[in-house]
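Peer 1: Following this message is one structure expressed as structure tokens.
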Amino acid sequence: MSTIEKVPTLVFIPCFSGAPWSAEQLAPYGELPRRTLRLPEGVNDIERYADFVENAVADLDDYVLVGDSFGANIALALATRRPQGLRALVVSGGFAANPVDSKPWKALAQVMGKARGPFYRQLTLRAHAHRLASPFDGEGQVPWSEARSREVFLANTPAASFGARVQAVLTADYVEVLGQVQVPTLILTPSHDVLIGENASKIMLAGIPDAREVVLPRTGHMFRFSHPATYATAVKDFLTAGLPTTRQAAGA
């Protein structure tokens, strides 16, 4: 492809908060065809989230999945099914399997997932927002902070859904099936990501046959929120670099 106008529909899959891309985050894509989703509530299995997305794109015969963080794992799960119409895959701050390899942190995550009421609002969300933060959050097109991350979760993520998604992360593992992703894939990585770490992108890069990684300097895990223009430019550059001229056939 030689011009950006030929890009198929971009389908944006949200992060752990479940919040769809905002108008501010979509604006840098201009007139490109796009669709943004809100994650369903109370779902504790990545395959069920992938079912949800597959149903949401059933009317599209030509599309690109763009998954952010938790949404990247969902997009990856769907891509391993080789759905008809999938042209390319973008995963940002994502992972193929639970990126937390510390037993204490895994145990803490389970405890955090069970918190409700003020414990959820005041302890769980503050701790989670701290893990999401980077020293570059304030430098983006939309200056970000731990307080703003917590506000996103307060506005969009019921405690029960937070807990269900913790269970989904702890049990997800697509490392052995990464080779089933048969479309061009962009692994979009922030330069500073305490939550996900460095190995997650390396695993995907090694396992997905047609994958390339772009590391965005001076960005953190919340770069979809803090650096929407930078993020969008990387996605558009990937798309204009060349996508297959034919759509992926189911089971190809």
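Following the order of the structure tokens, chains are lettered A, B, ..., residues in each are numbered from 1, and ligands are numbered from 1.
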Please tabulate, as a Markdown table, the residues of segment 10-66 of chain A that come within 10 Å of segment 215-235 of chain A, each with its closest pair of atoms and the distance in Å to one decimal, counting only C-alpha atoms and ordering rows by chain, then residue number upward.
Peer 2:
| residue | atom | partner | partner_atom | distance |
| --- | --- | --- | --- | --- |
| A:Leu10 | CA | A:Val235 | CA | 9.9 |
| A:Pro14 | CA | A:Arg224 | CA | 9.8 |
| A:Cys15 | CA | A:Arg224 | CA | 9.4 |
| A:Trp21 | CA | A:Arg224 | CA | 8.6 |
| A:Ser22 | CA | A:Phe225 | CA | 8.9 |
| A:Glu24 | CA | A:Pro228 | CA | 7.6 |
| A:Gln25 | CA | A:Pro228 | CA | 5.2 |
| A:Leu26 | CA | A:Pro228 | CA | 7.8 |
| A:Ala27 | CA | A:Ala229 | CA | 8.3 |
| A:Pro28 | CA | A:Ala229 | CA | 5.5 |
| A:Tyr29 | CA | A:Ala232 | CA | 6.4 |
| A:Gly30 | CA | A:Ala232 | CA | 9.9 |
| A:Val66 | CA | A:Val235 | CA | 8.6 |
Peer 1: Write a file of the just-selected residues containing C-alpha atoms, as a CSV table (one decimal), in the first residue's frame.
Peer 2:
chain,number,residue,atom,x,y,z
A,10,LEU,CA,-8.7,0.3,13.1
A,14,PRO,CA,-8.8,-1.1,25.8
A,15,CYS,CA,-6.5,-1.6,28.7
A,21,TRP,CA,-10.2,5.2,23.5
A,22,SER,CA,-11.4,8.8,24.1
A,24,GLU,CA,-8.6,13.0,22.4
A,25,GLN,CA,-6.8,9.7,21.9
A,26,LEU,CA,-8.6,9.1,18.5
A,27,ALA,CA,-8.1,12.6,17.1
A,28,PRO,CA,-4.5,12.0,15.9
A,29,TYR,CA,-5.8,9.3,13.5
A,30,GLY,CA,-7.7,11.9,11.5
A,66,VAL,CA,-4.9,-2.3,18.1
Peer 1: So which one's closest to Val183 of chain A, A:Pro158, A:Pro143, A:Gly85, A:Gly113? Using only C-alpha atoms, please.
Peer 2: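 That would be A:Gly85, the residue with the smallest distance to Val183 of chain A.
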Peer 1: Mind giving me the straight-line distance from atom CA of Pro184 of chain A to atom CA of Lys202 of chain A in Å, one decimal?
Peer 2: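 The value is 16.2 Å.
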Peer 1: As a VMD selection string, please: all residues of segment 36-77 of chain A that backbone DSSP puts in helix (DSSP H, G or I).
Peer 2: chain A and resid 46 to 56 70 to 77
Peer 1: Could you name the residues that touch Gly71 of chain A at 10 Å or less, counting only C-alpha atoms, but leaving out those on the same chain fewer than 4 positions away, as a JSON list (two decimals) with N, CA and C atoms, in the first residue's frame?
Peer 2:
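The result, written out as out.json:
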[["chain", "number", "residue", "atom", "x", "y", "z"],
["A", 12, "PHE", "N", -9.82, -0.58, 18.20],
["A", 12, "PHE", "CA", -9.05, -0.30, 19.41],
["A", 12, "PHE", "C", -9.62, -1.07, 20.60],
["A", 13, "ILE", "N", -8.76, -1.88, 21.23],
["A", 13, "ILE", "CA", -9.16, -2.72, 22.37],
["A", 13, "ILE", "C", -8.53, -2.14, 23.63],
["A", 14, "PRO", "N", -9.33, -1.84, 24.64],
["A", 14, "PRO", "CA", -8.85, -1.08, 25.80],
["A", 14, "PRO", "C", -7.91, -1.84, 26.73],
["A", 15, "CYS", "N", -7.32, -1.07, 27.61],
["A", 15, "CYS", "CA", -6.46, -1.58, 28.66],
["A", 15, "CYS", "C", -7.29, -2.17, 29.80],
["A", 16, "PHE", "N", -6.63, -2.48, 30.90],
["A", 16, "PHE", "CA", -7.23, -3.11, 32.08],
["A", 16, "PHE", "C", -8.43, -2.33, 32.62],
["A", 17, "SER", "N", -8.42, -1.02, 32.45],
["A", 17, "SER", "CA", -9.54, -0.20, 32.95],
["A", 17, "SER", "C", -10.83, -0.51, 32.21],
["A", 18, "GLY", "N", -10.73, -1.00, 30.98],
["A", 18, "GLY", "CA", -11.91, -1.26, 30.17],
["A", 18, "GLY", "C", -12.40, -0.06, 29.41],
["A", 39, "LEU", "N", -14.63, -2.75, 27.25],
["A", 39, "LEU", "CA", -14.60, -4.14, 27.67],
["A", 39, "LEU", "C", -15.84, -4.51, 28.48],
["A", 46, "ILE", "N", -9.44, -14.60, 29.24],
["A", 46, "ILE", "CA", -9.05, -13.89, 28.03],
["A", 46, "ILE", "C", -9.77, -14.42, 26.80],
["A", 49, "TYR", "N", -12.99, -12.70, 26.46],
["A", 49, "TYR", "CA", -12.81, -11.34, 25.93],
["A", 49, "TYR", "C", -12.56, -11.40, 24.42],
["A", 50, "ALA", "N", -11.77, -12.38, 23.98],
["A", 50, "ALA", "CA", -11.53, -12.52, 22.55],
["A", 50, "ALA", "C", -12.82, -12.83, 21.80],
["A", 65, "LEU", "N", -6.34, -4.91, 14.44],
["A", 65, "LEU", "CA", -6.56, -4.87, 15.88],
["A", 65, "LEU", "C", -5.45, -4.06, 16.53],
["A", 66, "VAL", "N", -5.84, -3.11, 17.38],
["A", 66, "VAL", "CA", -4.89, -2.30, 18.15],
["A", 66, "VAL", "C", -5.22, -2.49, 19.62],
["A", 67, "GLY", "N", -4.41, -3.29, 20.32],
["A", 67, "GLY", "CA", -4.69, -3.60, 21.71],
["A", 67, "GLY", "C", -3.68, -2.97, 22.65],
["A", 75, "ALA", "N", -6.17, -8.92, 22.03],
["A", 75, "ALA", "CA", -5.95, -8.85, 20.59],
["A", 75, "ALA", "C", -5.08, -10.01, 20.12],
["A", 76, "LEU", "N", -4.06, -10.33, 20.90],
["A", 76, "LEU", "CA", -3.18, -11.44, 20.58],
["A", 76, "LEU", "C", -3.93, -12.76, 20.58],
["A", 77, "ALA", "N", -4.79, -12.94, 21.59],
["A", 77, "ALA", "CA", -5.58, -14.17, 21.67],
["A", 77, "ALA", "C", -6.46, -14.33, 20.44],
["A", 91, "VAL", "N", 0.17, -4.32, 19.18],
["A", 91, "VAL", "CA", 0.07, -4.55, 20.62],
["A", 91, "VAL", "C", 0.99, -3.57, 21.32],
["A", 92, "SER", "N", 0.44, -2.82, 22.27],
["A", 92, "SER", "CA", 1.23, -1.82, 22.98],
["A", 92, "SER", "C", 1.27, -2.14, 24.47],
["A", 93, "GLY", "N", 2.49, -2.12, 25.02],
["A", 93, "GLY", "CA", 2.63, -2.43, 26.44],
["A", 93, "GLY", "C", 2.01, -3.76, 26.80],
["A", 94, "GLY", "N", 2.08, -4.72, 25.90],
["A", 94, "GLY", "CA", 1.35, -5.98, 26.06],
["A", 94, "GLY", "C", 2.21, -7.14, 26.49],
["A", 95, "PHE", "N", 1.59, -8.31, 26.47],
["A", 95, "PHE", "CA", 2.25, -9.53, 26.94],
["A", 95, "PHE", "C", 1.53, -10.74, 26.38]]
Peer 1: Name all residues at most 6 Å from Gly163 of chain A (count only C-alpha atoms; drop same-chain ones fewer than 2 positions away) and give them as a list in words.
Peer 2: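 Residues meeting the cut-off are Gly113, Lys114, Ala160, Ser161, Arg165 and Val166 of chain A.
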Peer 1: Keeping only N, CA and C atoms, write those residues as an mmCIF file, in the first residue's frame.
Peer 2:
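Saved result, result_0.cif, follows:
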data_model
loop_
_atom_site.group_PDB
_atom_site.id
_atom_site.type_symbol
_atom_site.label_atom_id
_atom_site.label_comp_id
_atom_site.auth_asym_id
_atom_site.auth_seq_id
_atom_site.Cartn_x
_atom_site.Cartn_y
_atom_site.Cartn_z
ATOM 1 N N GLY A 113 -7.171 -7.988 43.877
ATOM 2 C CA GLY A 113 -8.342 -8.308 43.067
ATOM 3 C C GLY A 113 -9.582 -8.620 43.885
ATOM 4 N N LYS A 114 -9.398 -8.952 45.157
ATOM 5 C CA LYS A 114 -10.533 -9.282 46.023
ATOM 6 C C LYS A 114 -11.032 -8.080 46.814
ATOM 7 N N ALA A 160 -15.427 -5.501 41.037
ATOM 8 C CA ALA A 160 -15.611 -6.893 40.612
ATOM 9 C C ALA A 160 -14.950 -7.142 39.258
ATOM 10 N N SER A 161 -14.998 -6.153 38.362
ATOM 11 C CA SER A 161 -14.361 -6.305 37.057
ATOM 12 C C SER A 161 -12.844 -6.262 37.184
ATOM 13 N N ARG A 165 -10.485 -9.336 35.982
ATOM 14 C CA ARG A 165 -9.394 -9.160 35.027
ATOM 15 C C ARG A 165 -8.053 -9.586 35.612
ATOM 16 N N VAL A 166 -7.891 -9.443 36.923
ATOM 17 C CA VAL A 166 -6.690 -9.974 37.562
ATOM 18 C C VAL A 166 -6.608 -11.478 37.323
#
Peer 1: Determine, counting only C-alpha atoms, which protein, DNA and RNA residues have an atom within 12 Å of an atom of Thr171 of chain A; residues of the same chain fewer than 6 positions away are not included. Present the result as a PyMOL selection string.
Peer 2: chain A and resi 44-47+73+96-100+106+110+164-165
Peer 1: Find the residues near Thr9 of chain A: any atom within 7 Å, counting only C-alpha atoms, skip ones fewer than 5 places away on the same chain, and give them as a list in words.
Peer 2: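 My list of contacting residues is Pro33, Arg34, Asp62, Tyr63 and Val64 of chain A.
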Peer 1: Got a sec: who's within 12 Å of Ile203 of chain A, counting only C-alpha atoms, leaving out chain neighbours fewer than 4 positions off, as a list in words?
Peer 2: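 After dropping sequence-adjacent residues, the list is Gly94, Phe95, Ala96, Ala97, Asn98, Pro99, Asp173, Tyr174, Val175, Glu176, Val177, Leu178, Gly179, Ile187, Gly197, Glu198, Asn199, Gly207, Ile208, Pro209, Ala211, Arg212 and Glu213 of chain A.
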Peer 1: Just write the chosen residues, N, CA and C atoms, as a compact mmCIF listing (two decimals), in the first residue's frame.
Peer 2:
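Generated file (result32.txt):
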# COMPACT_ATOMS: atom_id res chain seq x y z
N GLY A 94 2.08 -4.72 25.90
CA GLY A 94 1.35 -5.98 26.06
C GLY A 94 2.21 -7.14 26.49
N PHE A 95 1.59 -8.31 26.47
CA PHE A 95 2.25 -9.53 26.94
C PHE A 95 1.53 -10.74 26.38
N ALA A 96 2.29 -11.85 26.26
CA ALA A 96 1.71 -13.11 25.80
C ALA A 96 1.24 -13.96 26.97
N ALA A 97 1.85 -13.77 28.12
CA ALA A 97 1.49 -14.49 29.34
C ALA A 97 1.69 -13.55 30.51
N ASN A 98 1.15 -13.91 31.65
CA ASN A 98 1.25 -13.08 32.84
C ASN A 98 2.69 -12.57 33.01
N PRO A 99 2.91 -11.25 32.93
CA PRO A 99 4.27 -10.72 32.99
C PRO A 99 4.85 -10.64 34.40
N ASP A 173 -1.96 -17.49 28.89
CA ASP A 173 -0.64 -17.90 28.41
C ASP A 173 -0.73 -18.29 26.93
N TYR A 174 -0.21 -17.42 26.06
CA TYR A 174 -0.24 -17.66 24.62
C TYR A 174 1.15 -17.82 24.03
N VAL A 175 2.13 -18.04 24.88
CA VAL A 175 3.52 -18.12 24.43
C VAL A 175 3.71 -19.24 23.40
N GLU A 176 3.11 -20.39 23.65
CA GLU A 176 3.33 -21.55 22.77
C GLU A 176 2.57 -21.45 21.45
N VAL A 177 1.65 -20.51 21.32
CA VAL A 177 0.86 -20.40 20.08
C VAL A 177 1.13 -19.09 19.34
N LEU A 178 2.18 -18.38 19.72
CA LEU A 178 2.48 -17.11 19.04
C LEU A 178 2.71 -17.30 17.55
N GLY A 179 3.22 -18.47 17.16
CA GLY A 179 3.46 -18.74 15.75
C GLY A 179 2.20 -18.80 14.91
N ILE A 187 4.89 -4.42 17.70
CA ILE A 187 4.99 -4.44 19.15
C ILE A 187 5.46 -3.04 19.56
N GLY A 197 7.61 -4.86 32.32
CA GLY A 197 8.99 -5.32 32.27
C GLY A 197 9.49 -5.52 30.85
N GLU A 198 10.75 -5.90 30.72
CA GLU A 198 11.40 -5.98 29.41
C GLU A 198 11.17 -7.30 28.68
N ASN A 199 10.95 -8.38 29.40
CA ASN A 199 10.88 -9.70 28.75
C ASN A 199 9.62 -9.90 27.91
N GLY A 207 8.45 -14.91 19.11
CA GLY A 207 7.46 -15.93 18.78
C GLY A 207 6.55 -15.63 17.62
N ILE A 208 6.32 -14.36 17.31
CA ILE A 208 5.42 -13.97 16.21
C ILE A 208 6.24 -13.85 14.93
N PRO A 209 5.93 -14.62 13.90
CA PRO A 209 6.78 -14.68 12.70
C PRO A 209 7.06 -13.35 12.02
N ALA A 211 6.86 -10.02 13.15
CA ALA A 211 6.72 -8.98 14.18
C ALA A 211 7.91 -8.04 14.14
N ARG A 212 7.64 -6.79 14.43
CA ARG A 212 8.70 -5.80 14.59
C ARG A 212 8.38 -4.97 15.83
N GLU A 213 9.42 -4.49 16.49
CA GLU A 213 9.22 -3.70 17.71
C GLU A 213 9.68 -2.27 17.51
Peer 1: Report the distance between atom CA of Leu37 of chain A and atom CA of Arg126 of chain A in Å, rounded to one decimal place.
Peer 2: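 That distance, rounded to one decimal, is 25.3 Å.
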Peer 1: What is the distance between atom CA of Phe119 of chain A and atom CA of Ala159 of chain A, in Å to one decimal?
Peer 2: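 Spanning atom CA of Phe119 of chain A to atom CA of Ala159 of chain A is a straight-line distance of 9.8 Å.
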